[in-house]
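Student: Below is a structure I'd like to ask you about.
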Amino acid sequence: MKTKLVRTVTVLISVILAFFWLYPFIIIFINSLKTKSALFANPLMISKSSFNNYIQAFKDLDFVQSFFNSLLITVSSVILITILASMAAYALARTNSKISSIIYYLCAATMLIPFQSIMIPLITIFGKIDFLNRFSLILMNTGLSLSLSIILYYGAFLGVPRSIDEAAMLDGANTIKAFFGVILPAVAPMTGTVIILNAMKIWNDYLLPSLVINKDGMYTIPIKMYYFFSETNSQWQLALAGLVLAIMPIIILFILLQKQIMHSATEGAIQ
């Protein structure tokens with residue numbers, strides 16, 4: 001009886017917490033279907049709705065081009081981050097020396113440096129060599145995100161027994177084959193976590209892309225979202241529709257990787 005009561009209370013609390021978590025998304029979706037007057041009249045109530053806002057937002061955002069730019073930058077950056085961070089973390093985790101410890105702590109220390117403090121020198125240097133484009137933005141995203149990713153992978157690799165490395169070597173695999181064929185798949189949950197964290201950060205970033213590629217028709221979805229706001233008029237109904245379109249890819253990615261993320265979180269709690 002007591003177990004049943006505890007389970008019922010747990011489910012009830014979970015439902016309440018889920019409602020509070022989903023409530024902002026529900027409000028955004030409901031208001032994205034309203035006219036501007038209906039939105040400001042009563043934003044918390046459901047009223048007559050249509051998908052005209054989505055059609056207009058799709059056109060105003062130049063969604064195909066902005067989506068392609070965001071996708072190209074995000075996917076390329078995440079791939080580079082995942083490969084470089086995992087290889088660096090593996091080398092640090094498998095090397096017992098003062099140098100590897102110093103490098104690890106330097107990675108941790110760089111996380112304390114705010115981006116705003118290096119923003120102007122970074123953009124100035126890249127501008128002087130005429131290297132402000134999508135490729136340079138990918139390199140910047142990679143460099144700025146490596147520290148956290150290395151630290152996450154480092155902890156994961158410490159949990160992988162060295163005997164797995166040795167077994168792969170005995171089977172005839174070299175270091176590269178052993179890493180990509182055996183070691184990296186062993187920390188797949190952490191890879192999922194690294195991917196989703198960096199994808200969310202890069203996909204939603206406005207500041208860095210606005211400094212690097214906001215010219216010559218190059219723009220990402222967050223940059224283009226400012227089309228709906230001006231000094232004299234703010235089209236909130238279109239902005240909310242655009243916001244729904246913008247967050248859908250990340251929600252889909254999170255759904256696909258949620259098992260790996262939860263597994264990674266569980267392993268971290270156990271360790």
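Each chain in the structure tokens gets a letter, A, B and so on, in the order shown; residues start at 1 in every chain, and ligands are counted from 1 in the order they appear.
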Residues within 12 Å of Ala38 (chain A), please, as a list of chain:residue names. Count only C-alpha atoms; anything in the same chain fewer than 5 positions from it doesn't count.
Tutor: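 Contacts, in chain order: A:Ile30, A:Asn31, A:Ser32, A:Leu33, A:Pro43, A:Leu44, A:Met45, A:Ile46, A:Ser47, A:Lys48, A:Ser49, A:Ser50, A:Trp236, A:Gln237.
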Student: Would you kindly return, as a PyMOL selection string, each protein, DNA or RNA residue with an atom no farther than 12 Å from any atom of Lys224 (chain A), considering only C-alpha atoms and excluding same-chain residues fewer than 5 positions away?
Tutor: chain A and resi 57-67+69-70+204-206+209-210+213-215+217-219+229+239+242-243+246
Student: If we count only C-alpha atoms, what is near region 160-169 of chain A at a cut-off of 12 Å, once residues fewer than 6 positions away on the same chain are taken out, given as a count of residues only?
Tutor: 22
Student: Per DSSP on the backbone, filter region 61-216 of chain A down to the residues in helix (DSSP H, G or I) and report them as a PyMOL selection string.
Tutor: chain A and resi 63-93+98-110+115-128+134-158+162-170+175-186+188-203+207-212
Student: Within 7 Å of region 72-79 of chain A, counting only C-alpha atoms, which residues show up once you throw out same-chain ones fewer than 5 positions away? Write them as an NGL selection string, please.
Tutor: :A and (134 or 138 or 141-142 or 195 or 198-199 or 202-203)
Student: How many Å lie between CA of Leu253 (chain A) and CA of Thr193 (chain A), rounded to one decimal?
Tutor: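 Here the two named atoms are 11.0 Å from each other.
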Student: Please determine, counting only C-alpha atoms, which residue among A:Val194, A:Val212, A:Ile81, A:Val6 has the shortest atom-to-atom distance to Ile125 (chain A).
Tutor: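 Nearest candidate to Ile125 (chain A) out of A:Val194, A:Val212, A:Ile81, A:Val6: A:Val212.
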Student: In Å, how far is it from CA of Leu207 (chain A) to CA of Leu122 (chain A)?
Tutor: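 It comes out at 13.0 Å.
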Student: Between A:Ala241, A:Ile151, A:Ala109, A:Leu144, which is the closest to Phe228 (chain A) once you count only C-alpha atoms?
Tutor: A:Ala241
Student: Counting only C-alpha atoms, what is within 7 Å of Phe254 (chain A), bar same-chain residues fewer than 4 positions away, as a PyMOL selection string?
Tutor: chain A and resi 196+250+258
Student: Only N, CA, C and O atoms, please: the residues just picked out, written as an mmCIF file, in the first residue's frame.
Tutor:
```cif
data_model
loop_
_atom_site.group_PDB
_atom_site.id
_atom_site.type_symbol
_atom_site.label_atom_id
_atom_site.label_comp_id
_atom_site.auth_asym_id
_atom_site.auth_seq_id
_atom_site.Cartn_x
_atom_site.Cartn_y
_atom_site.Cartn_z
ATOM 1 N N ILE A 196 24.390 17.150 -28.590
ATOM 2 C CA ILE A 196 23.193 17.957 -28.331
ATOM 3 C C ILE A 196 23.546 19.274 -27.660
ATOM 4 O O ILE A 196 22.974 20.323 -27.977
ATOM 5 N N ILE A 250 16.081 21.254 -33.369
ATOM 6 C CA ILE A 250 16.767 20.915 -32.128
ATOM 7 C C ILE A 250 15.918 19.976 -31.281
ATOM 8 O O ILE A 250 16.446 19.051 -30.640
ATOM 9 N N GLN A 258 17.939 11.380 -26.849
ATOM 10 C CA GLN A 258 17.599 11.449 -25.431
ATOM 11 C C GLN A 258 18.046 10.208 -24.656
ATOM 12 O O GLN A 258 18.441 10.301 -23.492
#
```
Student: Which value, in Å to one decimal, gives the distance between CA of Ser101 (chain A) and CA of Ala173 (chain A)?
Tutor: 27.3 Å
